[in-house]
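Right, one structure below, let's go through it.
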Amino acid sequence: MLRCEQNSIIFLINNGGYTIEVEIHDGPYNVIKNWNYTGFVDAIHNGDGKCWTTKVQCKEELVEAIETATEVKKDCLCFIEVIVHKDDTSKELLEWGSRVSSANSRPPNPQ
């Protein structure tokens, strides 16, 4: 993307883990090391090309980041990491996870 000078905006929604996987089947493998995603992007581009990264944790910061990405940094590849609470998900998605969990615990249907 940098080499081709694509001025996209990438949003990474970081809830610090696998919320739905925990709902389906909880275990220690769902506890993951949180990466420094903005640092990772900075390391990849290593000053080659136009890239801007930021990390936001609230609505106001997100609005400001989007304004920056679409105005001041519109000639850059923009990477915005949005930090959300690990349980910030819809009721429907959690219900779906419970249904999948129930289906996974049943023996296979003989064909």
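Naming works like this for the structure tokens: A, B, ... for the chains as they're shown, residue 1 at the start of each chain, ligands 1 onward in shown order.
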| query | Hey, what does DSSP flag as strand (DSSP E) within chain A? Can you give it to me as number ranges by chain? | reply | A: 9-14, 51-56, 77-83
| task | Looking only at alpha helix (DSSP H) from DSSP on the backbone, list the matching residues of chain A as an MDAnalysis selection string. | result | chainID A and resid 19:24 37:45 59:70 91:105
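All residues of protein, DNA or RNA that reach within 10 Å of segment 30-42 of chain A, judged by only C-alpha atoms and not counting those fewer than 3 positions away in the chain, are Leu12, Asn14, Asn15, Gly16, Gly17, Tyr18, Thr19, Ile20, Glu21, Val22, His25, Asp26, Gly27, His45, Asn46, Gly47, Asp48, Cys51, Trp52, Thr53, Thr54, Lys55, Cys78, Phe79, Ile80 and Glu81 of chain A.
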How would the residues just chosen look if you wrote them out with N, CA, C and O atoms as a tab-separated table (two decimals), in the first residue's frame?
```tsv
chain	number	residue	atom	x	y	z
A	12	LEU	N	-8.14	-0.52	13.03
A	12	LEU	CA	-7.98	-1.78	13.74
A	12	LEU	C	-8.75	-1.65	15.04
A	12	LEU	O	-8.46	-0.77	15.86
A	14	ASN	N	-9.37	-2.93	18.49
A	14	ASN	CA	-8.60	-3.74	19.42
A	14	ASN	C	-9.37	-3.89	20.73
A	14	ASN	O	-9.46	-2.96	21.52
A	15	ASN	N	-9.91	-5.10	20.94
A	15	ASN	CA	-10.59	-5.38	22.21
A	15	ASN	C	-9.72	-6.25	23.12
A	15	ASN	O	-10.21	-6.80	24.09
A	16	GLY	N	-8.46	-6.38	22.77
A	16	GLY	CA	-7.52	-7.08	23.64
A	16	GLY	C	-7.70	-8.57	23.71
A	16	GLY	O	-7.18	-9.21	24.61
A	17	GLY	N	-8.44	-9.17	22.79
A	17	GLY	CA	-8.60	-10.62	22.85
A	17	GLY	C	-9.64	-11.14	21.90
A	17	GLY	O	-9.97	-10.51	20.91
A	18	TYR	N	-10.14	-12.30	22.22
A	18	TYR	CA	-11.10	-13.01	21.39
A	18	TYR	C	-12.43	-13.14	22.12
A	18	TYR	O	-12.79	-14.22	22.60
A	19	THR	N	-13.18	-12.07	22.21
A	19	THR	CA	-14.42	-12.07	22.99
A	19	THR	C	-15.38	-13.17	22.56
A	19	THR	O	-15.91	-13.90	23.40
A	20	ILE	N	-15.61	-13.32	21.28
A	20	ILE	CA	-16.56	-14.32	20.80
A	20	ILE	C	-16.02	-15.73	20.99
A	20	ILE	O	-16.76	-16.64	21.36
A	21	GLU	N	-14.72	-15.91	20.78
A	21	GLU	CA	-14.13	-17.23	21.02
A	21	GLU	C	-14.29	-17.64	22.48
A	21	GLU	O	-14.52	-18.80	22.78
A	22	VAL	N	-14.15	-16.69	23.40
A	22	VAL	CA	-14.34	-16.97	24.83
A	22	VAL	C	-15.77	-17.45	25.06
A	22	VAL	O	-16.02	-18.38	25.82
A	25	HIS	N	-15.90	-21.12	23.41
A	25	HIS	CA	-15.16	-22.12	24.17
A	25	HIS	C	-14.02	-21.41	24.88
A	25	HIS	O	-13.01	-21.07	24.25
A	26	ASP	N	-14.18	-21.19	26.16
A	26	ASP	CA	-13.19	-20.44	26.92
A	26	ASP	C	-12.00	-21.34	27.25
A	26	ASP	O	-12.13	-22.55	27.43
A	27	GLY	N	-10.86	-20.74	27.30
A	27	GLY	CA	-9.65	-21.45	27.67
A	27	GLY	C	-8.46	-20.51	27.67
A	27	GLY	O	-8.55	-19.38	27.18
A	45	HIS	N	6.87	0.49	7.79
A	45	HIS	CA	7.13	1.52	6.79
A	45	HIS	C	8.50	2.17	7.00
A	45	HIS	O	9.11	2.64	6.05
A	46	ASN	N	9.02	2.17	8.22
A	46	ASN	CA	10.38	2.59	8.54
A	46	ASN	C	10.77	3.90	7.85
A	46	ASN	O	11.87	4.03	7.32
A	47	GLY	N	9.84	4.84	7.80
A	47	GLY	CA	10.13	6.14	7.20
A	47	GLY	C	10.07	6.17	5.69
A	47	GLY	O	10.29	7.20	5.07
A	48	ASP	N	9.77	5.02	5.07
A	48	ASP	CA	9.70	4.94	3.61
A	48	ASP	C	8.25	5.10	3.19
A	48	ASP	O	7.44	4.21	3.39
A	51	CYS	N	3.14	7.65	5.93
A	51	CYS	CA	2.30	6.83	6.81
A	51	CYS	C	2.09	7.58	8.11
A	51	CYS	O	3.01	8.21	8.64
A	52	TRP	N	0.87	7.53	8.62
A	52	TRP	CA	0.54	8.16	9.89
A	52	TRP	C	-0.24	7.16	10.72
A	52	TRP	O	-1.15	6.50	10.24
A	53	THR	N	0.16	7.02	11.98
A	53	THR	CA	-0.53	6.09	12.88
A	53	THR	C	-0.94	6.82	14.15
A	53	THR	O	-0.30	7.78	14.57
A	54	THR	N	-2.02	6.32	14.73
A	54	THR	CA	-2.46	6.85	16.03
A	54	THR	C	-3.28	5.79	16.74
A	54	THR	O	-3.78	4.85	16.12
A	55	LYS	N	-3.39	5.97	18.05
A	55	LYS	CA	-4.18	5.07	18.89
A	55	LYS	C	-5.21	5.93	19.62
A	55	LYS	O	-4.84	6.96	20.19
A	78	CYS	N	-3.14	5.99	6.46
A	78	CYS	CA	-3.45	6.25	7.87
A	78	CYS	C	-3.91	4.97	8.56
A	78	CYS	O	-4.73	4.23	8.03
A	79	PHE	N	-3.36	4.72	9.73
A	79	PHE	CA	-3.68	3.54	10.52
A	79	PHE	C	-4.16	4.01	11.88
A	79	PHE	O	-3.40	4.63	12.62
A	80	ILE	N	-5.43	3.74	12.18
A	80	ILE	CA	-6.02	4.17	13.44
A	80	ILE	C	-6.40	2.95	14.26
A	80	ILE	O	-7.24	2.16	13.85
A	81	GLU	N	-5.73	2.79	15.40
A	81	GLU	CA	-6.06	1.70	16.31
A	81	GLU	C	-7.09	2.21	17.30
A	81	GLU	O	-6.85	3.19	18.01
```
| message | Using Å and a single decimal, report how far atom CA of Asp88 of chain A sits from atom CA of Ala43 of chain A. | response | 29.0 Å
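Closest to Val63 of chain A among A:Leu77, A:Leu94, A:Val82, A:Ala103 is A:Val82, based on only C-alpha atoms.
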Which polymer residues have any atom within 9 Å of an atom of Thr70 of chain A, counting only C-alpha atoms, with same-chain residues fewer than 5 positions away left out, as an mmCIF file with C-alpha atoms, in the first residue's frame?
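Output contents, as saved in around-v3.cif:
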```
data_model
loop_
_atom_site.group_PDB
_atom_site.id
_atom_site.type_symbol
_atom_site.label_atom_id
_atom_site.label_comp_id
_atom_site.auth_asym_id
_atom_site.auth_seq_id
_atom_site.Cartn_x
_atom_site.Cartn_y
_atom_site.Cartn_z
ATOM 1 C CA ILE A 9 -7.527 4.738 6.215
ATOM 2 C CA ALA A 65 -8.201 11.095 14.330
ATOM 3 C CA ASP A 75 -1.867 12.240 1.453
#
```
| task | Select, from A:Cys58, A:Pro28, A:Lys50, A:Gln6, the residue with the minimum atom-to-atom distance to Ile83 of chain A, counting only C-alpha atoms. | result |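 Checking each candidate against Ile83 of chain A, we get A:Cys58 as the closest.
Between atom CA of Cys76 of chain A and atom CA of Met1 of chain A the interatomic distance comes to 10.2 Å.
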